[in-house]
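Structure file structure20.txt with compact mmCIF, C-alpha atoms:
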```txt
# COMPACT_ATOMS: atom_id res chain seq x y z
CA MET A 939 2.75 2.03 -7.22
CA ALA A 940 6.26 1.73 -5.82
CA SER A 941 8.74 -0.73 -7.24
CA ASN A 942 9.46 -3.72 -4.98
CA SER A 943 12.41 -5.13 -6.92
CA LEU A 944 15.65 -6.03 -5.16
CA ALA A 945 17.35 -3.04 -6.80
CA ALA A 946 14.61 -0.70 -5.53
CA ARG A 947 14.89 -2.04 -1.98
CA VAL A 948 18.67 -1.68 -2.02
CA LEU A 949 18.39 1.87 -3.35
CA TYR A 950 15.94 2.85 -0.62
CA ARG A 951 18.14 1.43 2.13
CA PHE A 952 21.17 3.22 0.70
CA ALA A 953 19.32 6.55 0.40
CA ARG A 954 17.88 6.23 3.89
CA GLY A 955 21.33 5.40 5.26
CA LEU A 956 22.70 8.58 3.73
CA CYS A 957 19.83 10.58 5.29
CA VAL A 958 20.48 9.09 8.72
CA TRP A 959 24.22 9.75 8.46
CA PHE A 960 23.71 13.33 7.25
CA CYS A 961 21.12 14.15 9.90
CA ARG A 962 23.21 12.79 12.74
CA ILE A 963 26.48 14.41 11.64
CA TRP A 964 25.44 17.71 10.03
CA LEU A 965 22.26 18.36 12.03
CA ARG A 966 23.33 16.62 15.27
CA MET A 967 19.87 15.09 15.24
CA ARG A 968 18.48 13.07 18.12
CA VAL A 969 15.32 10.97 17.99
CA GLU A 970 13.03 10.02 20.88
CA GLY A 971 10.08 7.64 20.98
CA LEU A 972 11.18 5.04 18.43
CA GLU A 973 9.54 2.42 20.63
CA ASN A 974 6.19 3.91 19.55
CA VAL A 975 6.75 3.07 15.85
CA PRO A 976 4.82 -0.04 14.70
CA GLN A 977 7.10 -2.78 13.39
CA SER A 978 4.56 -4.03 10.85
CA GLY A 979 1.31 -3.09 9.15
CA ALA A 980 0.08 0.18 7.70
CA TYR A 981 -0.21 3.49 9.54
CA ILE A 982 0.00 7.21 8.82
CA VAL A 983 3.07 9.18 9.89
CA ALA A 984 1.86 12.72 10.67
CA PRO A 985 4.71 15.21 11.27
CA VAL A 986 4.64 18.95 11.77
CA HIS A 987 5.92 20.71 8.65
CA ARG A 988 8.32 23.67 8.77
CA SER A 989 10.90 22.84 6.08
CA TYR A 990 11.53 20.88 2.88
CA ILE A 991 14.04 18.87 4.86
CA ASP A 992 11.24 17.44 7.02
CA THR A 993 10.61 14.78 4.37
CA PRO A 994 14.06 13.13 4.56
CA ILE A 995 14.16 13.69 8.32
CA VAL A 996 11.01 11.61 8.78
CA SER A 997 12.66 8.61 7.08
CA VAL A 998 14.83 8.06 10.16
CA VAL A 999 11.91 6.91 12.33
CA THR A 1000 11.72 3.46 10.68
CA THR A 1001 13.82 1.21 8.47
CA ARG A 1002 10.67 0.33 6.52
CA ARG A 1003 10.02 2.21 3.30
CA LEU A 1004 7.73 5.17 3.85
CA ARG A 1005 5.39 6.33 1.08
CA TYR A 1006 4.92 9.94 -0.05
CA MET A 1007 2.71 11.80 -2.53
CA GLY A 1008 4.32 13.66 -5.43
CA LYS A 1009 3.03 15.61 -8.42
CA ASP A 1010 2.65 13.34 -11.43
CA THR A 1011 4.84 15.49 -13.70
CA LEU A 1012 7.85 14.16 -11.79
CA TRP A 1013 7.02 10.71 -13.19
CA LYS A 1014 7.27 11.94 -16.79
CA TYR A 1015 10.40 9.96 -17.66
CA PRO A 1016 10.95 6.23 -17.01
CA ALA A 1017 14.24 6.72 -15.14
CA SER A 1018 12.89 9.39 -12.78
CA ALA A 1019 9.65 7.45 -12.35
CA TRP A 1020 11.57 4.35 -11.24
CA LEU A 1021 13.80 6.37 -8.92
CA LEU A 1022 10.95 8.22 -7.23
CA SER A 1023 8.82 5.08 -6.91
CA SER A 1024 11.75 3.17 -5.44
CA LEU A 1025 12.20 5.91 -2.86
CA GLY A 1026 8.56 5.58 -1.80
CA GLY A 1027 6.86 8.22 -3.94
CA PHE A 1028 3.62 7.78 -5.84
CA PRO A 1029 2.11 10.23 -8.35
CA VAL A 1030 -0.95 12.38 -7.81
CA THR A 1031 -2.27 14.65 -10.55
CA ARG A 1032 -2.11 18.27 -9.50
CA GLY A 1033 -5.36 20.09 -10.15
CA THR A 1034 -7.56 17.02 -9.81
CA ALA A 1035 -10.08 16.66 -7.03
CA ASP A 1036 -8.64 16.05 -3.58
CA ARG A 1037 -10.77 12.92 -3.49
CA GLU A 1038 -8.50 11.28 -6.08
CA ALA A 1039 -5.40 11.98 -4.00
CA LEU A 1040 -7.11 10.59 -0.90
CA LYS A 1041 -8.09 7.48 -2.84
CA ARG A 1042 -4.45 6.86 -3.80
CA CYS A 1043 -3.43 7.27 -0.18
CA ILE A 1044 -5.99 4.71 0.95
CA GLU A 1045 -4.74 2.26 -1.71
CA VAL A 1046 -1.19 2.57 -0.36
CA LEU A 1047 -2.36 1.86 3.19
CA LYS A 1048 -4.51 -1.05 2.07
CA GLY A 1049 -1.31 -2.47 0.59
CA GLY A 1050 0.15 -2.61 4.11
CA GLU A 1051 2.69 0.21 3.83
CA PRO A 1052 3.19 3.24 6.10
CA LEU A 1053 2.30 6.60 4.54
CA VAL A 1054 3.56 10.10 5.36
CA LEU A 1055 0.95 12.87 5.39
CA PHE A 1056 1.66 16.37 6.68
CA PRO A 1057 -1.65 17.25 8.40
CA GLU A 1058 -0.95 21.00 8.28
CA GLY A 1059 -0.75 20.74 4.48
CA GLU A 1060 1.96 22.92 2.98
CA ARG A 1061 4.96 24.16 4.95
CA LYS A 1062 4.09 26.54 7.75
CA SER A 1063 6.16 28.86 9.90
CA GLY A 1064 6.41 29.59 13.59
CA PRO A 1065 5.93 27.69 16.86
CA ILE A 1066 2.17 27.18 16.62
CA VAL A 1067 0.73 24.10 14.92
CA LYS A 1068 -1.78 25.45 12.43
CA PRO A 1069 -5.35 24.10 12.05
CA LEU A 1070 -5.16 20.64 10.52
CA PHE A 1071 -6.71 19.55 7.25
CA ASP A 1072 -9.18 16.67 7.52
CA GLY A 1073 -7.23 14.52 5.04
CA ALA A 1074 -5.10 12.59 7.52
CA THR A 1075 -7.97 11.57 9.80
CA TYR A 1076 -10.27 10.87 6.83
CA VAL A 1077 -7.72 8.55 5.20
CA ALA A 1078 -6.95 6.89 8.53
CA ALA A 1079 -10.64 6.24 9.17
CA LYS A 1080 -11.29 4.89 5.66
CA ALA A 1081 -8.23 2.61 5.73
CA GLY A 1082 -8.71 1.56 9.35
CA VAL A 1083 -5.18 2.54 10.43
CA GLY A 1084 -3.69 4.53 13.28
CA ILE A 1085 -1.88 7.88 13.11
CA LEU A 1086 1.66 8.35 14.40
CA PRO A 1087 2.28 12.01 15.42
CA VAL A 1088 5.83 13.33 15.03
CA GLY A 1089 7.26 16.58 16.35
CA ILE A 1090 10.31 17.96 14.51
CA GLY A 1091 12.14 20.73 16.31
CA GLY A 1092 14.71 22.97 14.62
CA SER A 1093 14.11 22.16 10.95
CA GLU A 1094 12.87 25.66 10.13
CA ARG A 1095 16.22 27.09 11.22
CA VAL A 1096 18.00 24.47 9.14
CA MET A 1097 16.27 25.31 5.87
CA ARG A 1098 13.85 28.22 5.81
CA LYS A 1099 11.44 29.07 3.00
CA GLY A 1100 13.24 30.65 0.07
CA THR A 1101 16.64 29.15 0.92
CA ASN A 1102 18.52 26.25 -0.66
CA PHE A 1103 21.35 25.88 1.84
CA ILE A 1104 21.04 23.37 4.68
CA ARG A 1105 22.44 25.08 7.76
CA PRO A 1106 24.19 22.97 10.44
CA LYS A 1107 21.64 23.60 13.18
CA ARG A 1108 20.52 21.04 15.75
CA VAL A 1109 17.34 19.05 15.05
CA HIS A 1110 15.34 17.01 17.56
CA VAL A 1111 12.60 14.54 16.63
CA ILE A 1112 10.00 13.11 19.01
CA VAL A 1113 7.68 10.29 17.97
CA GLY A 1114 4.45 10.21 19.92
CA GLU A 1115 2.19 7.27 20.72
CA LEU A 1116 0.06 5.85 17.92
CA LEU A 1117 -3.49 7.21 17.84
CA PRO A 1118 -5.62 4.05 17.42
CA PRO A 1119 -7.73 3.38 14.30
CA LEU A 1120 -11.29 4.66 14.17
CA GLY A 1121 -12.74 2.23 11.67
CA GLY A 1122 -11.89 0.06 8.69
CA ASP A 1123 -13.26 -2.85 6.66
CA GLY A 1124 -15.98 -0.62 5.26
CA GLN A 1125 -17.14 0.51 8.68
CA ARG A 1126 -18.70 3.97 8.58
CA VAL A 1127 -17.02 6.45 10.91
CA PRO A 1128 -19.15 9.38 12.14
CA ARG A 1129 -17.93 12.84 11.19
CA ALA A 1130 -17.86 13.80 14.86
CA ALA A 1131 -15.38 10.99 15.59
CA MET A 1132 -13.03 12.22 12.85
CA THR A 1133 -13.30 15.79 14.12
CA SER A 1134 -12.46 14.60 17.62
CA MET A 1135 -9.46 12.66 16.31
CA SER A 1136 -8.20 15.73 14.42
CA ALA A 1137 -8.41 17.76 17.62
CA GLU A 1138 -6.54 15.08 19.54
CA LEU A 1139 -3.88 14.91 16.81
CA HIS A 1140 -3.49 18.70 16.83
CA ASP A 1141 -3.01 18.82 20.60
CA GLU A 1142 -0.49 15.97 20.54
CA LEU A 1143 1.47 17.53 17.66
CA GLN A 1144 1.65 20.84 19.52
CA ARG A 1145 2.91 19.09 22.66
CA LEU A 1146 5.55 17.12 20.75
CA PHE A 1147 6.56 20.17 18.69
CA ASP A 1148 6.97 22.34 21.81
CA THR A 1149 9.19 19.76 23.48
CA ALA A 1150 11.21 19.07 20.34
CA GLN A 1151 11.82 22.80 19.83
CA VAL A 1152 13.13 23.18 23.37
CA ARG A 1153 15.45 20.18 23.04
CA ALA A 1154 16.69 21.41 19.66
CA GLY A 1155 17.77 24.61 21.41
```

So that I can check it, write out the structure of this file as structure tokens.
Amino acid sequence: MASNSLAARVLYRFARGLCVWFCRIWLRMRVEGLENVPQSGAYIVAPVHRSYIDTPIVSVVTTRRLRYMGKDTLWKYPASAWLLSSLGGFPVTRGTADREALKRCIEVLKGGEPLVLFPEGERKSGPIVKPLFDGATYVAAKAGVGILPVGIGGSERVMRKGTNFIRPKRVHVIVGELLPPLGGDGQRVPRAAMTSMSAELHDELQRLFDTAQVRAG
């Protein structure tokens, strides 16, 4: 799990500060809907995913440390393990059952921390939000937390697949309203309720993404 030492907290704040500065200066980024971000407790941040740079962009929505999954090989060395954990990462073994990864996600949320999950899975391309994986709504239901949809407009132009250069294009982020929890405390959530929540999340992500794209130019 992530380090909670004073040094780790200072490092995260410093790294996040750099991200905020870079995004506002280089990407001319604007953010809407920050009033929708919970100030305490666990929840899932669910952004659209069009670029590697989406991960640092998402960190601007809250000053709290956000948690992310990463392949366990990145935790091979003590120094890199401490760095990644301090920045909110936690290891998941690639090639193991998805159930193990979902279990780790639930543990993070049970610990009271916000977690970032890209519901489309891997990076996608284009203006249409692709069909969502069930992971985000499943984890939310099991942990009894809400889902915070986030539309990120312009990030695909900033850093497309196959490129390493971050182009100075405008980015616009819109944070939607929190989708309320379905269950929790061991309560069984019907499959139909999770399917309905996934559909609601998809529609809201498409709406936010469309608006963010327009405002990003």

(message) At a cut-off of 10 Å, using only C-alpha atoms, what residues contact Leu1143 in chain A? Leave out same-chain residues fewer than 6 positions from it and give the result as a ChimeraX atom specification.
(response) /A:984-986,1057,1066-1067,1086-1090,1112-1114,1137,1149

Rows by chain and residue number, range 985-1040 of chain A within 9 Å of range 944-950 of chain A, shortest pair, all atoms listed in the file, as a Markdown table:
```
| residue | atom | partner | partner_atom | distance |
| --- | --- | --- | --- | --- |
| A:Arg1003 | CA | A:Tyr950 | CA | 7.1 |
| A:Trp1020 | CA | A:Ala946 | CA | 8.2 |
| A:Leu1021 | CA | A:Ala946 | CA | 7.9 |
| A:Ser1023 | CA | A:Ala946 | CA | 8.3 |
| A:Ser1024 | CA | A:Ala946 | CA | 4.8 |
| A:Leu1025 | CA | A:Tyr950 | CA | 5.3 |
| A:Gly1026 | CA | A:Tyr950 | CA | 8.0 |
```

(request) Have a look at A:Val969, A:Ile982, A:Val999, A:Ala1039 and name the one nearest to Ala1074 in chain A; count all atoms listed in the file. (result) A:Ile982

(request) Choose the residue, out of A:Lys1068, A:Lys1048, A:Lys1041, A:Arg1153, that has the smallest atom-to-atom separation from Ser1136 in chain A; count all atoms listed in the file. (result) A:Lys1068

(request) Skip Glu1138 in chain A itself and residues of its chain fewer than 3 positions away, then list as a list in words all residues within 12 Å of it, counting only C-alpha atoms. (result) Pro1069, Leu1070, Thr1075, Ile1085, Leu1086, Pro1087, Glu1115, Leu1116, Leu1117, Pro1118, Ala1131, Met1132, Thr1133, Ser1134, Met1135, Asp1141, Glu1142, Leu1143, Gln1144 and Arg1145 of chain A

(message) Nearest residue to Lys1107 in chain A out of A:Lys1009, A:Met967, A:Ala1078, A:Arg988, using only C-alpha atoms?
(response) A:Met967

(message) Between CA of Val1127 in chain A and CA of Ser978 in chain A, what is the distance in Å, rounded to a tenth?
(response) 24.0 Å

(request) Find the residues near Thr993 in chain A: any atom within 12 Å, counting all atoms listed in the file, skip ones fewer than 2 places away on the same chain, and give them as an MDAnalysis selection string. (result) chainID A and resid 954 957 961 983:991 995:999 1004:1008 1025:1027 1053:1056 1060:1061 1088 1090 1093

(request) For Gly1155 in chain A, work out the shell of residues within 8 Å, counting all atoms listed in the file and skipping chain neighbours fewer than 4 positions away, then give it as a PyMOL selection string. (result) chain A and resi 1092+1108+1151

All file atoms of range 997-1014 of chain A boxed axis-aligned, 4 Å per side, centre plus edges, as AutoDock Vina command-line options:
```
--center_x 8.7 --center_y 8.0 --center_z -2.2 --size_x 20.2 --size_y 23.3 --size_z 37.1
```

(request) In Å, rounded to a single decimal, give me how far CA of Asp992 in chain A is from CA of Gly1050 in chain A. (result)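 Between these atoms lies a distance of 23.1 Å.
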
(message) So the first atom is CA of Leu1040 in chain A and the second is CA of Val1083 in chain A; what is the distance between them in Å, to one decimal place?
(response) 14.0 Å

(request) Around the point (-18.2, 5.3, 8.7) in the file's coordinates, collect all residues with an atom within 12 Å, using all atoms listed in the file, and return them as a list of chain:residue names. (result)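 With a cut-off of 12 Å, the residues come to A:Tyr1076, A:Val1077, A:Ala1078, A:Ala1079, A:Lys1080, A:Ala1081, A:Gly1082, A:Leu1120, A:Gly1121, A:Gly1122, A:Asp1123, A:Gly1124, A:Gln1125, A:Arg1126, A:Val1127, A:Pro1128, A:Arg1129, A:Ala1130, A:Ala1131, A:Met1132.
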
(message) Using all atoms listed in the file, can you tell me which of A:Phe952, A:Pro1029, A:Val958, A:Gly1084 comes closest to Val975 in chain A?
(response) A:Gly1084
